[in-house]
Structures are given as C-alpha cells and as structure tokens.
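Everything below belongs to query-v2.txt, which stores compact mmCIF, C-alpha atoms.
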# COMPACT_ATOMS: atom_id res chain seq x y z
CA MET A 1 114.53 112.14 92.52
CA LEU A 2 117.51 111.17 90.37
CA ALA A 3 121.19 111.28 91.34
CA LYS A 4 123.68 110.64 88.52
CA TYR A 5 127.40 109.94 88.30
CA ASN A 6 129.34 109.58 85.00
CA GLN A 7 126.89 109.17 82.14
CA ASN A 8 129.57 109.09 79.43
CA ILE A 9 129.65 105.35 78.73
CA LYS A 10 126.37 103.46 78.43
CA PRO A 11 124.80 101.54 79.97
CA VAL A 12 125.19 102.82 83.50
CA LEU A 13 123.94 100.85 86.51
CA THR A 14 120.84 102.01 88.36
CA PHE A 15 119.84 101.42 91.98
CA SER A 16 116.22 102.25 92.80
CA GLY A 17 114.06 102.47 95.91
CA HIS A 18 110.84 104.08 97.13
CA THR A 19 110.93 106.49 100.06
CA ASP A 20 107.33 106.19 101.30
CA THR A 21 106.00 103.72 103.86
CA VAL A 22 102.63 102.34 104.88
CA PRO A 23 100.94 104.15 107.82
CA GLU A 24 101.78 103.06 111.35
CA THR A 25 99.25 101.03 113.36
CA LEU A 26 98.30 101.10 117.04
CA LYS A 27 99.85 97.66 117.52
CA TRP A 28 103.43 98.98 117.65
CA LYS A 29 105.34 98.32 120.89
CA PHE A 30 108.23 100.52 119.72
CA ASN A 31 108.09 104.11 118.48
CA PRO A 32 107.55 103.60 114.73
CA PHE A 33 109.17 106.95 113.91
CA LYS A 34 112.38 106.33 115.83
CA LEU A 35 115.08 103.79 114.99
CA THR A 36 115.28 101.45 117.99
CA PRO A 37 118.16 98.93 118.15
CA LYS A 38 117.61 95.69 120.08
CA GLY A 39 120.50 93.29 119.64
CA ASP A 40 120.92 92.57 115.93
CA LYS A 41 117.47 93.98 115.10
CA LEU A 42 116.70 97.58 114.10
CA PHE A 43 113.04 98.45 114.72
CA GLY A 44 111.19 101.27 112.98
CA LEU A 45 108.55 102.01 110.34
CA GLY A 46 110.02 101.27 106.91
CA THR A 47 113.26 99.72 108.18
CA CYS A 48 112.51 96.68 106.05
CA ASP A 49 110.34 98.29 103.36
CA MET A 50 112.44 100.04 102.38
CA LYS A 51 114.66 102.47 104.25
CA GLY A 52 117.05 99.66 105.14
CA PRO A 53 117.62 98.58 101.52
CA ILE A 54 118.12 102.20 100.45
CA ALA A 55 120.65 102.69 103.25
CA ALA A 56 122.48 99.55 102.06
CA PHE A 57 122.97 100.72 98.48
CA LEU A 58 123.93 104.22 99.65
CA ALA A 59 126.55 102.62 101.91
CA ALA A 60 127.82 100.57 98.95
CA ILE A 61 128.20 103.77 96.92
CA PHE A 62 129.94 105.53 99.83
CA LYS A 63 132.48 102.71 100.15
CA THR A 64 133.22 102.59 96.41
CA ASP A 65 135.98 104.69 94.82
CA LEU A 66 133.89 106.19 92.04
CA THR A 67 136.93 107.64 90.29
CA LYS A 68 138.04 104.10 89.41
CA LEU A 69 134.77 103.22 87.66
CA LYS A 70 134.61 103.26 83.86
CA LYS A 71 130.80 103.30 83.77
CA GLY A 72 128.45 105.41 85.84
CA ILE A 73 125.70 104.93 88.39
CA ASN A 74 122.15 106.24 88.79
CA LEU A 75 120.26 106.44 92.07
CA VAL A 76 116.48 106.73 91.73
CA PHE A 77 114.29 107.60 94.73
CA THR A 78 110.53 107.41 94.18
CA TYR A 79 107.33 108.10 96.13
CA GLY A 80 103.77 106.77 96.14
CA GLU A 81 104.75 103.10 95.78
CA GLU A 82 102.55 102.06 98.69
CA ILE A 83 99.51 103.89 97.28
CA ASP A 84 99.22 103.84 93.50
CA LEU A 85 102.77 103.55 92.09
CA SER A 86 102.34 107.08 90.72
CA GLY A 87 105.88 108.25 91.51
CA ILE A 88 107.74 105.79 89.29
CA GLN A 89 105.22 106.24 86.48
CA LYS A 90 105.56 110.01 86.41
CA PHE A 91 109.35 109.76 86.67
CA LEU A 92 109.82 107.34 83.78
CA LYS A 93 107.49 109.34 81.55
CA LYS A 94 109.74 112.38 81.98
CA VAL A 95 113.22 110.85 82.27
CA LYS A 96 115.02 108.54 79.86
CA LEU A 97 117.72 106.79 81.84
CA LYS A 98 121.04 105.90 80.24
CA THR A 99 120.78 102.47 81.75
CA LYS A 100 120.06 98.87 80.93
CA TYR A 101 120.41 97.27 84.36
CA VAL A 102 118.28 98.22 87.36
CA VAL A 103 118.58 96.85 90.88
CA LEU A 104 115.29 97.47 92.67
CA ALA A 105 116.14 97.26 96.37
CA GLU A 106 112.89 95.78 97.66
CA ASP A 107 113.20 93.50 100.68
CA THR A 108 113.69 89.98 99.32
CA GLY A 109 115.89 88.50 102.03
CA LEU A 110 118.75 89.01 99.55
CA LYS A 111 117.26 86.42 97.21
CA PRO A 112 117.24 87.71 93.60
CA VAL A 113 113.76 88.05 92.13
CA ILE A 114 113.31 88.35 88.35
CA ALA A 115 109.53 88.35 88.15
CA SER A 116 106.73 90.19 89.91
CA LYS A 117 103.00 89.85 89.31
CA GLY A 118 100.70 92.32 87.61
CA ALA A 119 98.02 94.08 89.65
CA PHE A 120 94.57 95.28 88.64
CA ALA A 121 92.30 97.11 91.09
CA LEU A 122 88.58 97.65 90.53
CA LYS A 123 85.74 99.49 92.23
CA ILE A 124 82.24 98.27 91.38
CA GLU A 125 79.02 100.04 92.37
CA PHE A 126 75.94 97.80 92.49
CA ILE A 127 72.66 99.68 92.05
CA GLY A 128 69.53 98.03 93.41
CA LYS A 129 66.06 99.25 94.34
CA GLN A 130 65.09 100.60 97.76
CA ALA A 131 62.09 99.15 99.62
CA HIS A 132 60.80 98.70 103.15
CA GLY A 133 62.49 95.87 105.04
CA SER A 134 59.14 94.13 105.49
CA GLU A 135 58.53 94.07 101.73
CA VAL A 136 61.80 92.75 100.36
CA ASN A 137 60.00 91.41 97.28
CA LYS A 138 59.45 95.01 96.14
CA GLY A 139 63.15 95.90 96.27
CA ILE A 140 66.45 94.80 94.77
CA ASN A 141 69.07 94.22 97.44
CA ALA A 142 72.40 95.66 96.21
CA ILE A 143 74.35 93.79 98.89
CA LEU A 144 72.94 90.48 97.66
CA LEU A 145 73.92 91.47 94.11
CA ALA A 146 77.47 91.98 95.33
CA GLN A 147 77.36 88.63 97.14
CA GLU A 148 76.16 86.83 94.00
CA PHE A 149 78.90 88.48 91.97
CA ILE A 150 81.60 87.47 94.49
CA VAL A 151 80.53 83.81 94.33
CA LYS A 152 80.66 83.80 90.52
CA LEU A 153 84.02 85.59 90.48
CA LYS A 154 85.56 83.17 93.00
CA ASN A 155 84.44 80.24 90.86
CA TYR A 156 86.05 81.85 87.81
CA PHE A 157 89.35 82.37 89.62
CA LYS A 158 89.28 78.74 90.74
CA LEU A 159 89.27 77.77 87.06
CA LEU A 160 92.13 80.19 86.40
CA GLU A 161 94.36 78.20 88.75
CA GLN A 162 94.86 75.78 85.84
CA GLU A 163 96.90 78.48 84.06
CA ARG A 164 100.25 78.46 85.86
CA ASP A 165 103.79 79.80 85.81
CA ARG A 166 106.09 77.91 88.18
CA LEU A 167 108.42 80.90 88.39
CA PHE A 168 106.07 82.35 91.02
CA GLU A 169 105.65 80.91 94.52
CA ILE A 170 101.87 81.15 94.03
CA PRO A 171 101.91 80.11 90.37
CA TYR A 172 98.47 81.36 89.31
CA ALA A 173 96.36 84.52 89.29
CA THR A 174 94.90 85.46 92.68
CA LEU A 175 91.87 87.46 93.81
CA ASN A 176 91.44 89.64 96.89
CA ILE A 177 88.00 90.97 97.84
CA ALA A 178 89.25 93.96 99.81
CA LYS A 179 86.37 96.28 100.76
CA ILE A 180 82.58 96.21 100.73
CA ALA A 181 80.08 98.82 101.92
CA GLY A 182 76.33 99.12 101.59
CA GLY A 183 73.07 99.72 103.38
CA ASP A 184 72.03 102.20 106.06
CA LEU A 185 68.97 101.10 108.04
CA ILE A 186 68.16 97.63 109.36
CA ASN A 187 64.58 97.96 108.07
CA ARG A 188 65.37 99.14 104.54
CA VAL A 189 66.41 97.13 101.48
CA PRO A 190 69.78 98.61 100.41
CA ASP A 191 69.78 100.05 96.91
CA TYR A 192 73.51 100.68 96.78
CA CYS A 193 76.65 98.65 97.52
CA THR A 194 80.28 99.26 96.61
CA LEU A 195 82.86 96.55 96.22
CA GLU A 196 86.60 97.02 95.85
CA LEU A 197 88.87 94.21 94.76
CA GLU A 198 92.24 93.49 93.25
CA TYR A 199 93.68 90.61 91.32
CA ARG A 200 97.29 89.63 90.61
CA THR A 201 98.30 88.25 87.21
CA ILE A 202 101.12 86.08 85.89
CA ASN A 203 101.32 87.25 82.26
CA ASP A 204 100.55 90.26 80.08
CA LYS A 205 97.37 88.89 78.50
CA GLN A 206 95.68 87.81 81.71
CA GLY A 207 94.80 91.21 83.17
CA ILE A 208 92.47 92.43 80.43
CA LYS A 209 91.11 88.92 79.89
CA ILE A 210 89.98 88.81 83.52
CA TYR A 211 88.53 92.32 83.29
CA GLN A 212 86.48 91.30 80.25
CA GLN A 213 85.21 88.23 82.10
CA ILE A 214 84.16 90.43 85.03
CA LEU A 215 82.13 92.59 82.64
CA LYS A 216 80.56 89.43 81.18
CA ILE A 217 79.56 88.19 84.64
CA MET A 218 78.00 91.56 85.49
CA ARG A 219 76.01 91.68 82.24
CA LEU A 220 74.73 88.13 82.65
CA MET A 221 73.48 89.09 86.10
CA LYS A 222 71.37 91.75 84.35
CA CYS A 223 71.84 94.24 87.17
CA LYS A 224 72.64 97.93 87.13
CA PHE A 225 76.26 98.68 87.93
CA LYS A 226 79.16 101.08 87.44
CA ILE A 227 82.73 99.84 87.23
CA TYR A 228 86.02 101.73 87.62
CA LEU A 229 89.48 100.41 86.76
CA LYS A 230 91.59 102.04 89.48
CA LEU A 231 94.96 100.37 88.83
CA GLN A 232 96.44 98.51 85.88
CA VAL A 233 99.98 97.16 86.20
CA GLN A 234 101.41 94.44 84.00
CA PRO A 235 103.74 91.72 85.36
CA MET A 236 107.53 91.99 85.14
CA ILE A 237 109.61 89.05 83.93
CA VAL A 238 113.33 89.51 83.18
CA LYS A 239 114.65 87.41 80.31
CA ASN A 240 118.22 88.73 80.05
CA LYS A 241 120.13 85.47 80.65
CA LYS A 242 123.52 87.12 81.21
CA PHE A 243 122.15 89.54 83.80
CA ILE A 244 120.40 86.65 85.57
CA ALA A 245 123.56 84.50 85.52
CA ASP A 246 125.69 87.37 86.86
CA ILE A 247 123.34 88.06 89.77
CA GLU A 248 123.06 84.37 90.62
CA LYS A 249 126.86 84.16 90.74
CA ILE A 250 127.21 87.30 92.88
CA THR A 251 124.51 86.28 95.37
CA SER A 252 125.17 82.51 95.22
CA GLN A 253 121.39 82.10 94.93
CA LYS A 254 119.04 80.96 92.18
CA VAL A 255 116.57 83.58 90.92
CA SER A 256 112.85 83.22 91.55
CA GLY A 257 109.57 85.07 91.13
CA GLY A 258 107.71 87.15 93.70
CA ASN A 259 103.99 87.21 94.44
CA GLY A 260 103.80 90.98 94.87
CA THR A 261 103.68 93.83 92.38
CA THR A 262 106.61 96.22 92.22
CA GLU A 263 107.95 99.25 90.42
CA GLY A 264 109.90 96.75 88.34
CA SER A 265 106.85 96.44 86.07
CA PHE A 266 107.39 100.02 84.90
CA TYR A 267 111.13 99.62 84.43
CA SER A 268 110.30 96.60 82.29
CA LYS A 269 107.69 98.60 80.35
CA TYR A 270 110.37 101.12 79.34
CA GLY A 271 112.84 98.44 78.27
CA TYR A 272 115.12 98.21 81.31
CA ASP A 273 116.15 94.88 82.84
CA CYS A 274 115.28 94.92 86.52
CA ILE A 275 116.40 92.56 89.27
CA ILE A 276 114.59 92.87 92.61
CA LEU A 277 117.14 92.36 95.36
CA GLY A 278 117.34 93.73 98.86
CA PRO A 279 117.82 92.95 102.55
CA GLY A 280 114.80 92.25 104.72
CA ASN A 281 112.37 89.63 105.95
CA ASP A 282 108.63 89.06 106.11
CA MET A 283 108.08 92.08 108.41
CA ALA A 284 107.12 94.60 105.70
CA HIS A 285 103.79 96.31 106.55
CA GLU A 286 103.78 94.65 109.99
CA ALA A 287 103.76 96.19 113.45
CA ASP A 288 107.25 96.33 115.02
CA GLU A 289 108.86 96.11 111.60
CA TYR A 290 112.59 95.52 111.77
CA ILE A 291 115.68 94.66 109.75
CA THR A 292 118.86 93.01 111.01
CA ARG A 293 122.32 94.49 110.94
CA GLU A 294 123.55 91.24 109.38
CA GLN A 295 121.20 91.61 106.41
CA LEU A 296 122.22 95.25 105.90
CA GLU A 297 125.91 94.37 105.93
CA LYS A 298 125.44 91.48 103.51
CA ALA A 299 123.36 93.69 101.20
CA GLN A 300 126.05 96.34 101.14
CA GLU A 301 128.63 93.72 100.16
CA ILE A 302 126.42 92.33 97.39
CA TYR A 303 125.68 95.80 96.01
CA GLN A 304 129.42 96.57 95.96
CA LYS A 305 130.04 93.39 93.97
CA ILE A 306 127.33 94.37 91.48
CA ILE A 307 128.96 97.79 91.08
CA GLN A 308 132.31 96.12 90.45
CA ALA A 309 130.80 93.74 87.89
CA TYR A 310 128.88 96.37 85.90
CA CYS A 311 130.78 99.62 86.33
CA GLN A 312 134.50 98.75 86.21
Structure rendered as structure tokens:
Amino acid sequence: MLAKYNQNIKPVLTFSGHTDTVPETLKWKFNPFKLTPKGDKLFGLGTCDMKGPIAAFLAAIFKTDLTKLKKGINLVFTYGEEIDLSGIQKFLKKVKLKTKYVVLAEDTGLKPVIASKGAFALKIEFIGKQAHGSEVNKGINAILLAQEFIVKLKNYFKLLEQERDRLFEIPYATLNIAKIAGGDLINRVPDYCTLELEYRTINDKQGIKIYQQILKIMRLMKCKFKIYLKLQVQPMIVKNKKFIADIEKITSQKVSGGNGTTEGSFYSKYGYDCIILGPGNDMAHEADEYITREQLEKAQEIYQKIIQAYCQ
C-alpha cells in the first residue's frame, strides 16, 4: 500500500515498513495478539518487528505540519517480508516512486544501518537407491549423500571466510543448514532425502559464485539430485555520502552494516538510497517480544528531524 503527500517537487522522502509478522509460538507468557504494557515495555507479536517502528513514523507524520513542507512524503506498507519478500518486489515492479531517499523502519535500536546482506535459499533433493536394511551394499543411502554434501559445503564456506567486508558485524558469507528430511522405515535404505539451506552474502558477485560451487560439488559427488533456487536477493550497500553524513548527524551515531537481509535490497535494485533505521532491540522473532516506550519516543523524534532535513 502507498500513501502519498505532495509529489510536486522531487525527490520526496519515503518511509517504509512491512505489516506482517512471524507466527506466534507456544512459549509466550503474554497474549501475543494483545498489546500488554508492563512498565516501560510494550509486549505483543510484532511490537518490535515491526509494528512499533511503523507506529513511530506515523506519529512523526501526525506531529508534523505538512502544509509547511516544500517536498512531499511517501509511506509504503508491504506484506510477505517474513516469508519470501514478495510484497516489496511486486510493489516496486508496478510503482515508480518519486523518491531518492528511503527510511526502512526495521528495528535497529535506532542505529543507522547502510548495508544488509544478500540471501539465497536452496532446496536440494538427493536421489539414492532403495534396498533392505540388512543389505546396505545394494543400496545408495540418500541421507548419507546429504551428509557428505554438508561436510563439503561447510569446508567451502570456511574458505570463504577469507573474503571479508568489515562493514558487517559478521564480515563474511554465512551458511545455515535449515531443514533435512529423508527415510521412512528403520530397516530400509532411504532412496530420497531433501535438504533446505540458505546462505548470506556480502557482495553482488558472491551469490551466484557460491551457487555455481554448490553445483560443482554435487557433480563431483556423481550422485543423482535435483536443485531448486527458492530465493535470490542481492546485498544492499548505500554509497550516498551526503545521505550517510546527514543521518549520522541526526542520530549522533555512526552507520554500520547488518547481518540480516531486508527489503532495502530491492529499493537499492531500483536505484533508491535506503537507510535502515528503527526502534527496537534483539527481541524480533522471540517469544514475549516487546518494545520500550523510550525507544518509540526517540524514534519519533529522529523521524521528525529527518522530515525537517529532507522535506522543508
């Protein structure tokens, strides 16, 4: 969804946030679907990621006299960020924003982030040969194929740690073996095993390079397999020095890079400069997620200063 005010003088300023959350878990002590205040903390699903940040920039807009602004403002609300980032992709394919500067209100503890990692997600199906459990020599164990592949892939990613970008807290590409499933009976050699993984990248060339290496490993193993590229997102790195300097001055904080992948990658793809900046803490995706009133109030003040700097 897009809300616009005064598009006459370019570039306008854009605030952006996603409206979806991760599912609740059984570990919650509070009702995840009800805002529960306890002292300075506000508990509830998505309070940190990212209903709180959205509320903060809406409050900043509400407390701004828009009639005194020379340049306009966009508000972008997306969906699907927690699943496949489909909302922002579909939106930017259809809509050309009259903007140059985007504030993506992810929870960063109000520390400005100018870089986020790329993300590639794969599903691999290993195809073995079924046999009786007492005659393993007659079969090809698909689970063991997956295990062999994981060992080789981990060794490759260990070598990749030599390629670094100090802008990121974890300055190298990372691998997450996320899901594995195979086999049915204890006395049967499994002929099928699926593996799902993701890796995070630090530059534009790394993603495809790693994918090609994965294919090479699979072919050298000389096993039957099927591979599916489920997600392909390039990193985001802002290089607009003036924008960076302005945000550092407004927040009184030096910019840094984040380890996660954000919608900022797609804003970057379409030529917009995107700063990731929002209230929050390390409680995103956790049970009993919360945000503090203090962080919300500070975020509102910072967003108002950004509006003053870029719209007056």
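Nearest to Ile88 of chain A of all the residues A:Pro171, A:Gly17, A:Pro11, A:Pro279 is A:Gly17, counting only C-alpha atoms.
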Please determine, counting all atoms listed in the file, which residue among A:Val233, A:Val95, A:Leu2, A:Ile73 has the shortest atom-to-atom distance to Thr262 of chain A.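 The answer is A:Val233, which sits nearest to Thr262 of chain A.
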Contacts of Tyr228 of chain A at 8 Å or less, counting all atoms listed in the file, minus same-chain residues fewer than 6 places along, as a list in words?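 In the requested form, the answer reads Leu122, Lys123 and Ile124 of chain A.
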Point out the residue among A:Arg219, A:Lys305, A:Lys117, A:Lys205 with the least atom-to-atom distance to Glu169 of chain A, counting all atoms listed in the file.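 Nearest candidate to Glu169 of chain A out of A:Arg219, A:Lys305, A:Lys117, A:Lys205: A:Lys117.
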Find the residues near Asp204 of chain A: any atom within 9 Å, counting only C-alpha atoms, skip ones fewer than 6 places away on the same chain, and give them as number ranges by chain. A: 118, 234-236
Minimum-distance residue to Thr14 of chain A, chosen among A:Lys129, A:Gly109, A:Tyr303, A:Asn31 (using only C-alpha atoms):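 Comparing A:Lys129, A:Gly109, A:Tyr303, A:Asn31 against Thr14 of chain A, the winner is A:Tyr303.
The coordinates place atom CA of Phe120 of chain A at 27.6 Å from atom CA of Pro190 of chain A.
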How close does each residue of segment 30-88 of chain A get to segment 101-104 of chain A, giving the shortest atom pair and distance in Å to one decimal for every residue with an atom at most 10 Å away, counting all atoms listed in the file, sorted by chain and residue number, as CSV?
residue,atom,partner,partner_atom,distance
A:Pro53,CA,A:Leu104,CA,9.2
A:Ile54,CA,A:Leu104,CA,9.5
A:Phe57,CA,A:Val103,CA,9.6
A:Asn74,CA,A:Val102,CA,9.0
A:Leu75,CA,A:Val102,CA,9.7
A:Val76,CA,A:Leu104,CA,9.4
What would the file be for segment 131-144 of chain A if you keep all heavy atoms and write it as an mmCIF file, in the first residue's frame?
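Written file, out.cif:
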data_model
loop_
_atom_site.group_PDB
_atom_site.id
_atom_site.type_symbol
_atom_site.label_atom_id
_atom_site.label_comp_id
_atom_site.auth_asym_id
_atom_site.auth_seq_id
_atom_site.Cartn_x
_atom_site.Cartn_y
_atom_site.Cartn_z
ATOM 1 N N ALA A 131 17.041 -50.222 -0.745
ATOM 2 C CA ALA A 131 17.454 -51.613 -0.520
ATOM 3 C C ALA A 131 17.042 -52.009 0.891
ATOM 4 O O ALA A 131 16.697 -51.160 1.717
ATOM 5 C CB ALA A 131 18.963 -51.762 -0.701
ATOM 6 N N HIS A 132 17.074 -53.314 1.166
ATOM 7 C CA HIS A 132 16.767 -53.793 2.502
ATOM 8 C C HIS A 132 17.856 -53.339 3.462
ATOM 9 O O HIS A 132 19.032 -53.254 3.099
ATOM 10 C CB HIS A 132 16.669 -55.332 2.516
ATOM 11 C CG HIS A 132 16.034 -55.862 3.753
ATOM 12 N ND1 HIS A 132 16.715 -56.003 4.941
ATOM 13 C CD2 HIS A 132 14.764 -56.283 4.006
ATOM 14 C CE1 HIS A 132 15.912 -56.483 5.864
ATOM 15 N NE2 HIS A 132 14.712 -56.675 5.312
ATOM 16 N N GLY A 133 17.459 -53.034 4.701
ATOM 17 C CA GLY A 133 18.405 -52.527 5.688
ATOM 18 C C GLY A 133 19.522 -53.489 6.025
ATOM 19 O O GLY A 133 20.569 -53.090 6.539
ATOM 20 N N SER A 134 19.311 -54.783 5.736
ATOM 21 C CA SER A 134 20.350 -55.776 6.014
ATOM 22 C C SER A 134 21.331 -55.913 4.861
ATOM 23 O O SER A 134 22.332 -56.623 4.985
ATOM 24 C CB SER A 134 19.702 -57.143 6.287
ATOM 25 O OG SER A 134 19.016 -57.600 5.121
ATOM 26 N N GLU A 135 21.029 -55.253 3.741
ATOM 27 C CA GLU A 135 21.888 -55.336 2.555
ATOM 28 C C GLU A 135 22.204 -53.924 2.044
ATOM 29 O O GLU A 135 21.897 -53.562 0.919
ATOM 30 C CB GLU A 135 21.214 -56.169 1.462
ATOM 31 C CG GLU A 135 20.954 -57.593 1.880
ATOM 32 C CD GLU A 135 20.248 -58.400 0.811
ATOM 33 O OE1 GLU A 135 19.219 -57.909 0.288
ATOM 34 O OE2 GLU A 135 20.721 -59.497 0.490
ATOM 35 N N VAL A 136 22.832 -53.148 2.934
ATOM 36 C CA VAL A 136 23.097 -51.748 2.604
ATOM 37 C C VAL A 136 24.010 -51.606 1.397
ATOM 38 O O VAL A 136 24.005 -50.575 0.708
ATOM 39 C CB VAL A 136 23.701 -51.001 3.815
ATOM 40 C CG1 VAL A 136 22.696 -50.924 4.946
ATOM 41 C CG2 VAL A 136 24.986 -51.693 4.284
ATOM 42 N N ASN A 137 24.823 -52.626 1.129
ATOM 43 C CA ASN A 137 25.741 -52.566 -0.012
ATOM 44 C C ASN A 137 24.998 -52.554 -1.343
ATOM 45 O O ASN A 137 25.565 -52.188 -2.373
ATOM 46 C CB ASN A 137 26.716 -53.735 0.037
ATOM 47 C CG ASN A 137 26.009 -55.082 0.020
ATOM 48 O OD1 ASN A 137 25.122 -55.314 0.842
ATOM 49 N ND2 ASN A 137 26.385 -55.959 -0.897
ATOM 50 N N LYS A 138 23.739 -52.956 -1.342
ATOM 51 C CA LYS A 138 22.948 -52.985 -2.572
ATOM 52 C C LYS A 138 22.198 -51.657 -2.813
ATOM 53 O O LYS A 138 21.582 -51.474 -3.858
ATOM 54 C CB LYS A 138 21.952 -54.140 -2.535
ATOM 55 C CG LYS A 138 22.609 -55.519 -2.566
ATOM 56 C CD LYS A 138 21.550 -56.604 -2.576
ATOM 57 C CE LYS A 138 22.204 -57.987 -2.610
ATOM 58 N NZ LYS A 138 21.193 -59.075 -2.617
ATOM 59 N N GLY A 139 22.231 -50.783 -1.833
ATOM 60 C CA GLY A 139 21.509 -49.513 -1.964
ATOM 61 C C GLY A 139 22.438 -48.320 -1.996
ATOM 62 O O GLY A 139 23.652 -48.442 -1.842
ATOM 63 N N ILE A 140 21.840 -47.151 -2.211
ATOM 64 C CA ILE A 140 22.559 -45.874 -2.116
ATOM 65 C C ILE A 140 21.778 -45.010 -1.138
ATOM 66 O O ILE A 140 20.633 -44.638 -1.406
ATOM 67 C CB ILE A 140 22.667 -45.168 -3.481
ATOM 68 C CG1 ILE A 140 23.434 -46.049 -4.480
ATOM 69 C CG2 ILE A 140 23.367 -43.814 -3.333
ATOM 70 C CD1 ILE A 140 23.460 -45.478 -5.896
ATOM 71 N N ASN A 141 22.377 -44.746 0.000
ATOM 72 C CA ASN A 141 21.694 -44.047 1.085
ATOM 73 C C ASN A 141 21.650 -42.542 0.810
ATOM 74 O O ASN A 141 22.681 -41.853 0.854
ATOM 75 C CB ASN A 141 22.408 -44.324 2.408
ATOM 76 C CG ASN A 141 21.615 -43.855 3.603
ATOM 77 O OD1 ASN A 141 21.085 -42.756 3.623
ATOM 78 N ND2 ASN A 141 21.553 -44.706 4.617
ATOM 79 N N ALA A 142 20.460 -42.014 0.537
ATOM 80 C CA ALA A 142 20.305 -40.595 0.184
ATOM 81 C C ALA A 142 20.643 -39.683 1.363
ATOM 82 O O ALA A 142 21.137 -38.568 1.175
ATOM 83 C CB ALA A 142 18.887 -40.332 -0.309
ATOM 84 N N ILE A 143 20.394 -40.157 2.583
ATOM 85 C CA ILE A 143 20.726 -39.348 3.759
ATOM 86 C C ILE A 143 22.237 -39.186 3.881
ATOM 87 O O ILE A 143 22.737 -38.095 4.205
ATOM 88 C CB ILE A 143 20.134 -39.979 5.035
ATOM 89 C CG1 ILE A 143 18.608 -39.931 4.994
ATOM 90 C CG2 ILE A 143 20.659 -39.272 6.289
ATOM 91 C CD1 ILE A 143 17.934 -40.603 6.171
ATOM 92 N N LEU A 144 22.975 -40.264 3.608
ATOM 93 C CA LEU A 144 24.435 -40.191 3.654
ATOM 94 C C LEU A 144 24.980 -39.292 2.544
ATOM 95 O O LEU A 144 26.009 -38.627 2.722
ATOM 96 C CB LEU A 144 25.047 -41.584 3.572
ATOM 97 C CG LEU A 144 24.773 -42.505 4.766
ATOM 98 C CD1 LEU A 144 25.475 -43.843 4.584
ATOM 99 C CD2 LEU A 144 25.214 -41.845 6.067
#
